[in-house]
file start19.cif (mmCIF, C-alpha atoms and all ligand atoms)
data_start
#
loop_
_atom_site.label_atom_id
_atom_site.label_comp_id
_atom_site.auth_asym_id
_atom_site.auth_seq_id
_atom_site.Cartn_x
_atom_site.Cartn_y
_atom_site.Cartn_z
CA MET U 4 11.94 3.05 40.52
CA MET U 5 8.18 3.40 40.49
CA ILE U 6 6.19 0.38 39.36
CA ALA U 7 3.24 1.74 37.39
CA LEU U 8 -0.18 0.13 37.48
CA ASN U 9 -0.32 0.08 33.69
CA LYS U 10 1.69 1.25 30.73
CA PRO U 11 0.21 1.45 27.21
CA LEU U 12 2.03 -0.34 24.39
CA SER U 13 4.06 2.10 22.24
CA PRO U 14 3.94 1.47 18.49
CA ASP U 15 7.22 1.24 16.60
CA LEU U 16 7.42 4.63 14.87
CA THR U 17 9.21 3.43 11.72
CA LYS U 18 6.53 0.84 11.07
CA LEU U 19 3.80 3.30 11.95
CA ALA U 20 5.19 5.95 9.58
CA ALA U 21 5.19 3.46 6.72
CA TYR U 22 1.47 2.88 7.24
CA LEU U 23 0.78 6.61 7.50
CA GLU U 24 2.63 7.19 4.22
CA GLN U 25 0.23 4.73 2.60
CA VAL U 26 -2.63 6.84 3.92
CA ASN U 27 -1.15 10.02 2.47
CA GLU U 28 -0.63 8.31 -0.87
CA SER U 29 -4.15 6.97 -1.13
CA GLY U 30 -5.74 10.09 0.39
CA TRP U 31 -8.17 7.69 2.15
CA TYR U 32 -8.23 8.76 5.80
CA THR U 33 -11.39 7.15 7.09
CA ASN U 34 -14.67 5.43 5.99
CA PHE U 35 -13.66 1.76 5.76
CA GLY U 36 -10.31 2.34 4.00
CA PRO U 37 -7.58 -0.17 3.10
CA LEU U 38 -5.93 -0.21 6.56
CA HIS U 39 -9.37 -0.71 8.11
CA GLU U 40 -9.82 -3.72 5.84
CA GLN U 41 -6.36 -5.10 6.69
CA LEU U 42 -6.84 -4.71 10.42
CA THR U 43 -10.27 -6.33 10.27
CA LYS U 44 -8.95 -9.38 8.42
CA ARG U 45 -5.86 -9.73 10.60
CA LEU U 46 -7.87 -9.46 13.81
CA GLU U 47 -10.41 -12.02 12.58
CA ALA U 48 -7.61 -14.44 11.75
CA TYR U 49 -5.65 -13.81 14.95
CA LEU U 50 -8.67 -14.02 17.27
CA GLY U 51 -10.42 -16.85 15.42
CA VAL U 52 -13.68 -14.99 14.80
CA GLU U 53 -15.92 -13.84 11.93
CA ASN U 54 -18.16 -10.79 11.50
CA LEU U 55 -15.78 -8.41 13.30
CA LEU U 56 -16.74 -4.75 12.94
CA LEU U 57 -14.22 -2.10 14.01
CA VAL U 58 -15.72 0.87 15.85
CA SER U 59 -14.39 4.06 17.40
CA ASN U 60 -14.44 2.89 21.03
CA GLY U 61 -15.67 0.17 23.37
CA THR U 62 -18.53 2.27 24.69
CA LEU U 63 -20.07 2.78 21.25
CA ALA U 64 -19.42 -0.92 20.62
CA LEU U 65 -21.84 -1.77 23.44
CA GLN U 66 -24.41 0.77 22.28
CA VAL U 67 -24.30 -0.28 18.63
CA ALA U 68 -24.43 -3.98 19.59
CA CYS U 69 -27.59 -3.43 21.67
CA LYS U 70 -29.17 -1.19 19.00
CA THR U 71 -28.46 -3.78 16.31
CA LEU U 72 -29.96 -6.61 18.38
CA ASN U 73 -33.03 -4.53 19.37
CA ILE U 74 -32.16 -4.70 23.05
CA ASN U 75 -34.19 -1.95 24.74
CA SER U 76 -34.05 -3.37 28.24
CA ALA U 77 -31.33 -5.44 29.84
CA ILE U 78 -30.10 -7.19 32.94
CA THR U 79 -26.45 -6.46 33.52
CA THR U 80 -23.63 -7.09 35.96
CA PRO U 81 -23.05 -4.64 38.82
CA PHE U 82 -19.34 -5.53 38.87
CA SER U 83 -17.62 -3.99 35.85
CA PHE U 84 -16.12 -0.76 34.60
CA VAL U 85 -18.73 2.01 34.72
CA ALA U 86 -19.06 2.09 30.90
CA THR U 87 -20.86 -1.28 30.86
CA THR U 88 -23.83 0.38 32.56
CA SER U 89 -23.46 4.04 31.57
CA SER U 90 -23.38 3.15 27.86
CA LEU U 91 -26.69 1.30 28.20
CA LEU U 92 -28.32 4.14 30.11
CA TRP U 93 -27.12 6.71 27.55
CA GLN U 94 -28.67 4.47 24.89
CA GLY U 95 -31.99 4.72 26.75
CA ILE U 96 -31.91 1.04 27.67
CA ASP U 97 -33.93 0.15 30.77
CA THR U 98 -31.10 -1.41 32.80
CA ALA U 99 -31.33 -3.52 35.96
CA PHE U 100 -28.76 -5.41 38.01
CA SER U 101 -28.49 -9.09 38.95
CA ASP U 102 -25.75 -10.34 41.28
CA ILE U 103 -22.35 -11.82 40.46
CA ASP U 104 -20.96 -15.18 41.48
CA ARG U 105 -19.02 -14.81 44.72
CA ARG U 106 -15.93 -16.64 43.40
CA SER U 107 -15.63 -15.70 39.72
CA TYR U 108 -16.95 -12.11 40.13
CA ASN U 109 -18.91 -12.64 36.87
CA LEU U 110 -22.69 -12.48 36.41
CA CYS U 111 -24.14 -15.50 38.27
CA PRO U 112 -26.28 -17.76 36.02
CA LYS U 113 -28.34 -19.08 38.97
CA ALA U 114 -29.11 -15.60 40.28
CA LEU U 115 -29.92 -14.50 36.73
CA ASP U 116 -32.37 -17.38 36.28
CA LYS U 117 -34.12 -16.32 39.50
CA THR U 118 -34.13 -12.70 38.33
CA PHE U 119 -35.99 -13.68 35.16
CA GLU U 120 -38.40 -15.87 37.17
CA GLN U 121 -39.26 -12.72 39.14
CA ASP U 122 -39.39 -10.32 36.22
CA ASN U 123 -39.24 -11.46 32.63
CA ASN U 124 -39.62 -8.00 31.04
CA TYR U 125 -36.12 -7.64 29.66
CA ASP U 126 -34.85 -8.15 26.12
CA GLY U 127 -31.27 -9.00 26.86
CA ILE U 128 -28.33 -9.81 29.09
CA VAL U 129 -25.16 -7.70 29.14
CA ALA U 130 -22.38 -9.60 30.92
CA THR U 131 -18.71 -8.69 31.37
CA HIS U 132 -15.84 -11.20 31.29
CA VAL U 133 -14.38 -9.27 34.18
CA TYR U 134 -10.54 -9.03 34.30
CA GLY U 135 -10.48 -11.29 31.23
CA ASN U 136 -11.94 -14.23 33.16
CA PRO U 137 -14.62 -15.79 30.94
CA CYS U 138 -18.16 -15.89 32.30
CA ASP U 139 -19.79 -19.29 32.75
CA VAL U 140 -20.80 -18.99 29.09
CA GLU U 141 -22.46 -22.42 28.88
CA SER U 142 -24.77 -21.81 31.85
CA LEU U 143 -25.56 -18.27 30.74
CA ALA U 144 -26.51 -19.62 27.29
CA LYS U 145 -28.94 -22.04 28.98
CA VAL U 146 -30.54 -19.24 31.01
CA ALA U 147 -30.79 -17.07 27.89
CA ASP U 148 -32.40 -19.90 25.90
CA LYS U 149 -34.83 -20.75 28.68
CA HIS U 150 -36.07 -17.17 28.98
CA ASN U 151 -35.60 -16.21 25.32
CA LYS U 152 -33.03 -13.45 25.86
CA LYS U 153 -30.22 -12.12 23.72
CA ILE U 154 -26.70 -11.97 25.20
CA VAL U 155 -24.12 -9.25 24.66
CA TYR U 156 -20.73 -9.88 26.23
CA ASP U 157 -18.63 -6.90 27.21
CA ALA U 158 -15.28 -8.51 26.37
CA ALA U 159 -13.24 -5.31 26.81
CA HIS U 160 -10.90 -7.23 29.15
CA ALA U 161 -10.88 -10.49 27.21
CA PHE U 162 -8.82 -9.81 24.07
CA ASP U 163 -7.46 -13.15 22.78
CA VAL U 164 -8.96 -15.21 25.63
CA LYS U 165 -10.10 -18.71 24.71
CA VAL U 166 -12.44 -21.19 26.36
CA GLY U 167 -11.08 -24.60 25.44
CA ASN U 168 -9.80 -23.86 21.95
CA LYS U 169 -12.62 -21.49 21.01
CA SER U 170 -12.38 -17.71 21.27
CA VAL U 171 -14.51 -16.38 24.12
CA LEU U 172 -15.75 -13.83 21.57
CA ASN U 173 -17.72 -16.56 19.81
CA PHE U 174 -20.25 -16.88 22.64
CA GLY U 175 -23.46 -14.86 22.85
CA ASP U 176 -25.19 -12.89 20.07
CA ALA U 177 -22.44 -10.28 20.13
CA SER U 178 -19.21 -9.52 21.99
CA THR U 179 -17.60 -6.12 22.29
CA LEU U 180 -13.94 -5.15 22.59
CA SER U 181 -12.26 -1.92 23.64
CA PHE U 182 -9.01 -0.87 22.00
CA HIS U 183 -8.39 1.99 24.42
CA ALA U 184 -4.70 2.73 25.06
CA THR U 185 -4.89 1.14 28.51
CA LYS U 186 -6.04 -2.24 27.18
CA VAL U 187 -3.95 -5.28 26.25
CA PHE U 188 -4.21 -4.40 22.54
CA HIS U 189 -5.07 -0.89 21.39
CA THR U 190 -5.61 1.64 18.61
CA VAL U 191 -5.30 4.65 21.00
CA GLU U 192 -9.11 4.80 21.09
CA GLY U 193 -11.11 2.12 19.34
CA GLY U 194 -13.03 -1.09 19.66
CA ALA U 195 -14.85 -3.83 17.83
CA ILE U 196 -18.06 -5.83 17.83
CA ILE U 197 -18.06 -9.52 16.94
CA PHE U 198 -21.49 -10.70 15.83
CA LYS U 199 -22.71 -14.28 15.78
CA HIS U 200 -24.84 -13.61 12.70
CA LYS U 201 -23.69 -12.06 9.44
CA ALA U 202 -26.99 -10.17 9.06
CA ASP U 203 -26.37 -8.33 12.34
CA PHE U 204 -22.86 -7.42 11.19
CA VAL U 205 -24.26 -5.98 7.94
CA LYS U 206 -26.90 -3.98 9.82
CA ALA U 207 -24.37 -2.65 12.34
CA LYS U 208 -21.95 -1.61 9.60
CA GLN U 209 -24.70 0.66 8.23
CA LEU U 210 -25.64 1.93 11.68
CA ILE U 211 -22.09 3.12 12.44
CA ASN U 212 -22.03 5.08 9.16
CA PHE U 213 -25.14 7.25 9.81
CA GLY U 214 -27.47 4.46 8.71
CA LEU U 215 -26.38 4.79 5.08
CA GLN U 216 -26.86 1.59 3.11
CA ALA U 217 -24.27 0.22 0.69
CA ASP U 218 -26.03 1.89 -2.27
CA GLY U 219 -26.05 5.27 -0.48
CA THR U 220 -29.76 5.26 0.37
CA LEU U 221 -30.89 5.89 3.94
CA GLY U 222 -31.88 2.97 6.14
CA GLU U 223 -32.54 3.09 9.87
CA SER U 224 -31.13 6.23 11.52
CA GLY U 225 -27.58 5.61 12.67
CA ILE U 226 -24.56 7.21 14.26
CA ASN U 227 -20.91 7.84 13.39
CA ALA U 228 -18.78 5.20 15.11
CA LYS U 229 -16.15 4.47 12.46
CA LEU U 230 -12.49 3.77 13.20
CA ASN U 231 -10.17 5.93 11.07
CA GLU U 232 -7.07 4.92 9.10
CA TYR U 233 -4.57 6.53 11.51
CA GLN U 234 -5.91 4.48 14.38
CA CYS U 235 -5.96 1.33 12.26
CA ALA U 236 -2.27 2.01 11.51
CA VAL U 237 -1.51 1.92 15.25
CA GLY U 238 -3.44 -1.34 15.54
CA LEU U 239 -1.63 -2.97 12.60
CA THR U 240 1.73 -1.93 14.06
CA LEU U 241 0.99 -3.28 17.53
CA LEU U 242 -0.61 -6.48 16.24
CA ASP U 243 2.77 -7.72 14.95
CA ASP U 244 4.01 -8.23 18.52
CA ILE U 245 0.78 -8.96 20.36
CA GLU U 246 1.31 -12.71 20.71
CA SER U 247 4.54 -12.25 22.69
CA VAL U 248 2.99 -9.41 24.72
CA ILE U 249 0.13 -11.64 25.83
CA LYS U 250 2.48 -14.53 26.56
CA HIS U 251 4.61 -12.26 28.77
CA ARG U 252 1.58 -10.86 30.59
CA ALA U 253 0.31 -14.40 31.23
CA VAL U 254 3.71 -15.39 32.67
CA LEU U 255 3.60 -12.41 35.05
CA PHE U 256 0.02 -13.27 36.00
CA ASN U 257 1.08 -16.83 36.86
CA ILE U 258 3.95 -15.60 39.04
CA TYR U 259 1.55 -13.30 40.89
CA THR U 260 -0.87 -16.19 41.37
CA ASP U 261 1.81 -18.56 42.68
CA GLU U 262 3.14 -15.95 45.11
CA LEU U 263 -0.22 -14.73 46.42
CA LYS U 264 -2.17 -18.01 46.61
CA GLY U 265 -3.33 -18.38 50.20
CA VAL U 266 -2.21 -14.83 51.07
CA VAL U 267 -5.15 -13.00 49.50
CA GLU U 268 -8.31 -14.13 47.75
CA LEU U 269 -7.93 -14.48 43.99
CA PRO U 270 -10.88 -14.77 41.59
CA LEU U 271 -11.77 -18.30 40.58
CA TRP U 272 -10.87 -18.56 36.90
CA HIS U 273 -12.96 -20.46 34.34
CA PRO U 274 -11.30 -23.93 34.28
CA GLN U 275 -10.93 -23.97 30.48
CA ALA U 276 -9.81 -20.37 30.06
CA SER U 277 -6.56 -19.23 28.50
CA LEU U 278 -4.89 -16.26 30.17
CA ASN U 279 -4.23 -12.84 28.65
CA GLY U 280 -2.84 -11.25 31.82
CA ALA U 281 -5.01 -8.16 31.41
CA TYR U 282 -5.37 -7.40 35.13
CA MET U 283 -4.15 -8.64 38.50
CA PRO U 284 -7.08 -8.36 40.91
CA ILE U 285 -6.75 -9.36 44.57
CA TYR U 286 -9.49 -9.32 47.16
CA ILE U 287 -8.76 -8.38 50.76
CA ALA U 288 -11.56 -8.73 53.29
CA GLY U 289 -11.74 -5.89 55.78
CA ALA U 290 -11.40 -2.20 54.97
CA ARG U 291 -8.56 -1.75 57.46
CA LYS U 292 -6.36 -4.48 55.99
CA GLN U 293 -7.06 -3.25 52.48
CA LYS U 294 -6.01 0.27 53.43
CA ASP U 295 -2.81 -1.01 55.07
CA VAL U 296 -1.81 -2.92 51.94
CA MET U 297 -2.51 0.10 49.73
CA GLN U 298 -0.42 2.32 51.99
CA ALA U 299 2.46 -0.16 52.05
CA LEU U 300 2.41 -0.31 48.24
CA ALA U 301 2.38 3.49 47.99
CA LYS U 302 5.30 3.76 50.39
CA ASN U 303 7.27 1.43 48.09
CA ASP U 304 6.41 3.49 45.00
CA ILE U 305 4.06 0.84 43.63
CA GLN U 306 0.83 1.99 42.04
CA CYS U 307 -2.41 0.11 42.60
CA ARG U 308 -6.08 0.93 42.21
CA ARG U 309 -9.38 0.01 43.79
CA TYR U 310 -11.01 -1.22 40.65
CA PHE U 311 -14.01 -1.70 40.28
CA THR U 312 -15.72 0.20 42.99
CA PRO U 313 -18.40 1.12 43.88
CA SER U 314 -20.67 -1.72 42.88
CA LEU U 315 -22.69 -0.27 39.99
CA ASP U 316 -26.08 -1.05 41.57
CA LEU U 317 -25.09 1.46 44.27
CA ALA U 318 -23.70 4.00 41.80
CA TYR U 319 -26.94 3.82 39.77
CA SER U 320 -29.35 3.39 42.66
CA LYS U 321 -32.37 4.57 40.63
CA GLN U 322 -32.07 1.46 38.47
CA LYS U 323 -33.77 -1.73 39.60
CA SER U 324 -31.58 -4.20 41.48
CA PHE U 325 -32.43 -7.84 42.13
CA GLY U 326 -30.04 -7.97 45.10
CA CYS U 327 -26.29 -7.54 44.60
CA SER U 328 -24.68 -8.34 47.95
CA ASN U 329 -21.83 -10.37 46.38
CA SER U 330 -20.92 -7.48 44.10
CA GLN U 331 -21.03 -4.97 46.96
CA ASN U 332 -18.81 -7.22 49.04
CA ILE U 333 -16.24 -7.75 46.26
CA ALA U 334 -16.24 -4.08 45.20
CA GLY U 335 -15.46 -3.22 48.81
CA GLY U 336 -12.27 -5.29 48.97
CA ILE U 337 -10.86 -5.45 45.46
CA ILE U 338 -7.48 -3.98 44.46
CA CYS U 339 -5.70 -4.28 41.10
CA LEU U 340 -1.92 -4.65 41.22
CA PRO U 341 0.49 -3.51 38.47
CA LEU U 342 0.47 -5.73 35.38
CA HIS U 343 1.70 -4.68 31.95
CA ASN U 344 4.16 -5.64 29.23
CA SER U 345 7.01 -3.43 30.50
CA MET U 346 7.19 -5.25 33.85
CA SER U 347 9.70 -7.97 34.63
CA ALA U 348 9.28 -11.08 36.78
CA GLY U 349 11.46 -9.27 39.35
CA ASP U 350 9.01 -6.36 39.45
CA VAL U 351 6.21 -8.79 40.23
CA LEU U 352 8.21 -10.27 43.13
CA THR U 353 8.86 -6.75 44.44
CA VAL U 354 5.10 -6.18 44.54
CA THR U 355 4.21 -9.56 46.03
CA ASN U 356 6.86 -9.21 48.75
CA VAL U 357 5.33 -5.92 49.89
CA VAL U 358 1.85 -7.47 49.97
CA LYS U 359 3.08 -10.57 51.81
CA GLU U 360 5.03 -8.57 54.35
CA GLU U 361 2.03 -6.38 55.14
CA LEU U 362 -0.27 -9.39 55.58
C1 LIG U 401 -12.53 0.02 28.84
C2 LIG U 401 -13.86 -0.59 29.06
C3 LIG U 401 -15.00 -0.14 28.38
C4 LIG U 401 -15.02 1.12 27.56
O1 LIG U 401 -14.20 1.09 26.48
P1 LIG U 401 -13.76 2.47 25.79
O2 LIG U 401 -13.03 2.00 24.57
O3 LIG U 401 -12.86 3.18 26.74
O4 LIG U 401 -14.98 3.25 25.46
C5 LIG U 401 -16.19 -0.84 28.54
N1 LIG U 401 -16.27 -1.89 29.36
C6 LIG U 401 -15.21 -2.33 30.05
C7 LIG U 401 -15.38 -3.53 30.93
C8 LIG U 401 -13.98 -1.68 29.95
O5 LIG U 401 -12.94 -2.10 30.67
#
call {"tool": "encode", "arguments": {"input": "start19.cif", "output": "structure tokens"}}
result
Amino acid sequence: MMIALNKPLSPDLTKLAAYLEQVNESGWYTNFGPLHEQLTKRLEAYLGVENLLLVSNGTLALQVACKTLNINSAITTPFSFVATTSSLLWQGIDTAFSDIDRRSYNLCPKALDKTFEQDNNYDGIVATHVYGNPCDVESLAKVADKHNKKIVYDAAHAFDVKVGNKSVLNFGDASTLSFHATKVFHTVEGGAIIFKHKADFVKAKQLINFGLQADGTLGESGINAKLNEYQCAVGLTLLDDIESVIKHRAVLFNIYTDELKGVVELPLWHPQASLNGAYMPIYIAGARKQKDVMQALAKNDIQCRRYFTPSLDLAYSKQKSFGCSNSQNIAGGIICLPLHNSMSAGDVLTVTNVVKEEL
């Protein structure tokens, strides 16, 4: 039996139909309807956040967050999914790259401080909690304060991750989530922005509805980035079981870690982080060895993916880079192994045995 890299959560159709019947009855299909309100409140309570604004995807979440915070130029991480950078460029944001930490694979606060010493002409920082591993949020906050920068966290991988007992989404001026079908929690397509300040939330809520203000008059020009009631119904249905899904994924992640410690390089996790088991990245130095492992996995009907590669400073070589050798190195040797809710502990051991045998 093939072991897939990922498998989206399937909503229970009976539950889902009950929500959709409510939509038919009310005739309210989109524009901040009752299911939108329910999902917002339940997510805020579950995640331990305030000022959560649902949006139509994680890419628009980044764009709307930057627009709301008046970020027109930004330093970002070269090691993330392409959307972290492409969304900023599409938004017309002057985007430059600063290197990641060699062990955590997240934006390096020390390198970032040096970057701003060299060139202080940027409004903000856009950092990804890559693979759901929280950035060094305390150090990044110090760098941001020192140089007077706003921070947006791309938290697309970090649904329900905590630092200590605080949601990772409570750091920075805004954090963005993706609820794409491939993510830990989803609404088929969708996302959210969590703002530190209520005023930013209010502004963003207008911006995602064409810039219309609550009284119907026109404010700043906006866009359409609303999440509709059908998608909220999927979210409400899946949210019922999300706690056990995340627990299971974290168990699988821990088995992987125990089995592969010392065999391959694993990212260094934030010491106070909780796990959501979103991804299982391993780093293998040497292109040859990496290729061998990938071939051995394929031969055993196990999917894997080189993810994320290439380093985004190379993909967007016209953008300014302040030196990203760590990111280039990691992007060259990273592989993600299968990790999703439909896997068993036995599946994980099947995968780790193939990797161990090959190495
Ligand atoms: C998935 C993802 C996005 C984009 O989210 P969409 O909802 O697919 O638009 C952005 N950043 C990261 C890090 C992602 O993994």
call {"tool": "closest_atom_pairs", "arguments": {"input": "start19.cif", "of": "segment 100-178 of chain U", "to": "segment 71-94 of chain U", "cutoff": "7 Å", "atoms": "all atoms listed in the file", "output": "CSV"}}
result
residue,atom,partner,partner_atom,distance
U:Phe100,CA,U:Thr79,CA,5.2
U:Ser101,CA,U:Thr80,CA,6.0
U:Asp102,CA,U:Thr80,CA,6.6
U:Ile103,CA,U:Thr80,CA,6.7
U:Leu110,CA,U:Thr80,CA,5.5
U:Tyr125,CA,U:Ser76,CA,5.0
U:Asp126,CA,U:Ser76,CA,5.3
U:Gly127,CA,U:Ala77,CA,4.6
U:Ile128,CA,U:Ile78,CA,5.0
U:Val129,CA,U:Thr79,CA,4.7
U:Ala130,CA,U:Thr79,CA,5.8
U:Thr131,CA,U:Ser83,CA,6.6
U:Val133,CA,U:Ser83,CA,6.4
call {"tool": "residues_near_ligand", "arguments": {"input": "start19.cif", "ligand": "ligand LIG 401 (chain U)", "cutoff": "6 Å", "atoms": "only C-alpha atoms and all ligand atoms", "output": "PyMOL selection string"}}
result
chain U and resi 60-62+83-84+86-87+157+159-160+181-183+192-194
call {"tool": "write_last_selection", "arguments": {"input": "start19.cif", "atoms": "C-alpha atoms", "output": "PDB file, in the coordinates of the input"}}
result
ATOM      1  CA  ASN U  60     -14.440   2.890  21.030  1.00  0.00           C
ATOM      2  CA  GLY U  61     -15.670   0.170  23.370  1.00  0.00           C
ATOM      3  CA  THR U  62     -18.530   2.270  24.690  1.00  0.00           C
ATOM      4  CA  SER U  83     -17.620  -3.990  35.850  1.00  0.00           C
ATOM      5  CA  PHE U  84     -16.120  -0.760  34.600  1.00  0.00           C
ATOM      6  CA  ALA U  86     -19.060   2.090  30.900  1.00  0.00           C
ATOM      7  CA  THR U  87     -20.860  -1.280  30.860  1.00  0.00           C
ATOM      8  CA  ASP U 157     -18.630  -6.900  27.210  1.00  0.00           C
ATOM      9  CA  ALA U 159     -13.240  -5.310  26.810  1.00  0.00           C
ATOM     10  CA  HIS U 160     -10.900  -7.230  29.150  1.00  0.00           C
ATOM     11  CA  SER U 181     -12.260  -1.920  23.640  1.00  0.00           C
ATOM     12  CA  PHE U 182      -9.010  -0.870  22.000  1.00  0.00           C
ATOM     13  CA  HIS U 183      -8.390   1.990  24.420  1.00  0.00           C
ATOM     14  CA  GLU U 192      -9.110   4.800  21.090  1.00  0.00           C
ATOM     15  CA  GLY U 193     -11.110   2.120  19.340  1.00  0.00           C
ATOM     16  CA  GLY U 194     -13.030  -1.090  19.660  1.00  0.00           C
TER      17      GLY U 194
END
call {"tool": "residues_around", "arguments": {"input": "start19.cif", "residues": "Asn329 of chain U", "least_positions_apart": "2", "cutoff": "7 Å", "atoms": "all atoms listed in the file", "output": "ChimeraX atom specification"}}
result
/U:102-105,327,331-333
call {"tool": "closest_residue", "arguments": {"input": "start19.cif", "among": "U:Ile338, U:Lys201, U:Leu19, U:Ala228", "to": "Gly214 of chain U", "atoms": "only C-alpha atoms"}}
result
U:Ala228
call {"tool": "closest_residue", "arguments": {"input": "start19.cif", "among": "U:Ile226, U:Cys235, U:Ala177, U:Cys339", "to": "Gln25 of chain U", "atoms": "only C-alpha atoms"}}
result
U:Cys235
call {"tool": "residues_near_point", "arguments": {"input": "start19.cif", "point": "(9.5, 4.5, 40.9)", "cutoff": "12 Å", "atoms": "all atoms listed in the file", "output": "PyMOL selection string"}}
result
chain U and resi 4-8+300-306+350+353
call {"tool": "residues_around", "arguments": {"input": "start19.cif", "residues": "segment 165-176 of chain U", "least_positions_apart": "4", "cutoff": "10 Å", "atoms": "all atoms listed in the file", "output": "PyMOL selection string"}}
result
chain U and resi 50-53+55+68-69+72+127-130+132+135-141+143-144+147+152-158+161+180+196-200+203+273-279
call {"tool": "residues_around", "arguments": {"input": "start19.cif", "residues": "segment 116-123 of chain U", "least_positions_apart": "5", "cutoff": "8 Å", "atoms": "all atoms listed in the file", "output": "NGL selection string"}}
result
:U and (101 or 146 or 150 or 325)
call {"tool": "atom_distance", "arguments": {"input": "start19.cif", "atom1": "atom CA of Gly265 of chain U", "atom2": "atom CA of Ala288 of chain U"}}
result
13.1 Å
call {"tool": "atom_distance", "arguments": {"input": "start19.cif", "atom1": "atom CA of Val237 of chain U", "atom2": "atom CA of Ala253 of chain U"}}
result
22.9 Å
call {"tool": "closest_residue", "arguments": {"input": "start19.cif", "among": "U:Tyr319, U:Tyr310, U:Tyr282, U:Tyr233", "to": "Glu24 of chain U", "atoms": "only C-alpha atoms"}}
result
U:Tyr233
call {"tool": "atom_distance", "arguments": {"input": "start19.cif", "atom1": "atom CA of Gly349 of chain U", "atom2": "atom CA of Ile258 of chain U"}}
result
9.8 Å
call {"tool": "residues_near_point", "arguments": {"input": "start19.cif", "point": "(-19.0, 9.7, 17.0)", "cutoff": "10 Å", "atoms": "all atoms listed in the file", "output": "PDB file with C-alpha atoms, keeping the file's coordinate frame"}}
result
ATOM      1  CA  VAL U  58     -15.720   0.870  15.850  1.00  0.00           C
ATOM      2  CA  SER U  59     -14.390   4.060  17.400  1.00  0.00           C
ATOM      3  CA  ASN U  60     -14.440   2.890  21.030  1.00  0.00           C
ATOM      4  CA  LEU U  63     -20.070   2.780  21.250  1.00  0.00           C
ATOM      5  CA  ILE U 211     -22.090   3.120  12.440  1.00  0.00           C
ATOM      6  CA  ASN U 212     -22.030   5.080   9.160  1.00  0.00           C
ATOM      7  CA  PHE U 213     -25.140   7.250   9.810  1.00  0.00           C
ATOM      8  CA  ILE U 226     -24.560   7.210  14.260  1.00  0.00           C
ATOM      9  CA  ASN U 227     -20.910   7.840  13.390  1.00  0.00           C
ATOM     10  CA  ALA U 228     -18.780   5.200  15.110  1.00  0.00           C
ATOM     11  CA  LYS U 229     -16.150   4.470  12.460  1.00  0.00           C
ATOM     12  CA  LEU U 230     -12.490   3.770  13.200  1.00  0.00           C
TER      13      LEU U 230
END
call {"tool": "residues_around", "arguments": {"input": "start19.cif", "residues": "Ala299 of chain U", "least_positions_apart": "4", "cutoff": "8 Å", "atoms": "all atoms listed in the file", "output": "short mmCIF file (atom, residue, chain, number, x, y, z; two decimals) with C-alpha atoms, keeping the file's coordinate frame"}}
result
data_model
loop_
_atom_site.label_atom_id
_atom_site.label_comp_id
_atom_site.auth_asym_id
_atom_site.auth_seq_id
_atom_site.Cartn_x
_atom_site.Cartn_y
_atom_site.Cartn_z
CA ASP U 295 -2.81 -1.01 55.07
CA ASN U 303 7.27 1.43 48.09
CA VAL U 357 5.33 -5.92 49.89
CA VAL U 358 1.85 -7.47 49.97
CA GLU U 361 2.03 -6.38 55.14
#
call {"tool": "closest_residue", "arguments": {"input": "start19.cif", "among": "U:Asp244, U:Asp261, U:Glu360, U:Glu268", "to": "Asn344 of chain U", "atoms": "only C-alpha atoms"}}
result
U:Asp244
call {"tool": "decode", "arguments": {"input": "start19.cif", "residues": "segment 179-185 of chain U", "atoms": "N, CA, C and O atoms", "output": "tab-separated table (two decimals), in the first residue's frame"}}
result
chain	number	residue	atom	x	y	z
U	179	THR	N	-0.60	35.22	9.97
U	179	THR	CA	-1.53	34.74	8.95
U	179	THR	C	-1.57	33.22	8.94
U	179	THR	O	-0.57	32.55	9.19
U	180	LEU	N	-2.77	32.69	8.67
U	180	LEU	CA	-2.97	31.24	8.57
U	180	LEU	C	-3.48	30.90	7.18
U	180	LEU	O	-4.15	31.72	6.54
U	181	SER	N	-3.17	29.70	6.72
U	181	SER	CA	-3.78	29.16	5.51
U	181	SER	C	-4.67	27.99	5.90
U	181	SER	O	-4.24	27.13	6.67
U	182	PHE	N	-5.88	27.98	5.36
U	182	PHE	CA	-6.78	26.84	5.55
U	182	PHE	C	-6.97	26.09	4.24
U	182	PHE	O	-8.05	25.66	3.89
U	183	HIS	N	-5.87	25.98	3.49
U	183	HIS	CA	-5.88	25.18	2.26
U	183	HIS	C	-6.07	23.71	2.63
U	183	HIS	O	-5.65	23.28	3.71
U	184	ALA	N	-6.65	22.93	1.72
U	184	ALA	CA	-6.97	21.53	2.00
U	184	ALA	C	-5.78	20.70	2.47
U	184	ALA	O	-5.93	19.72	3.19
U	185	THR	N	-4.58	21.10	2.08
U	185	THR	CA	-3.39	20.33	2.45
U	185	THR	C	-2.86	20.66	3.85
U	185	THR	O	-1.90	20.06	4.31
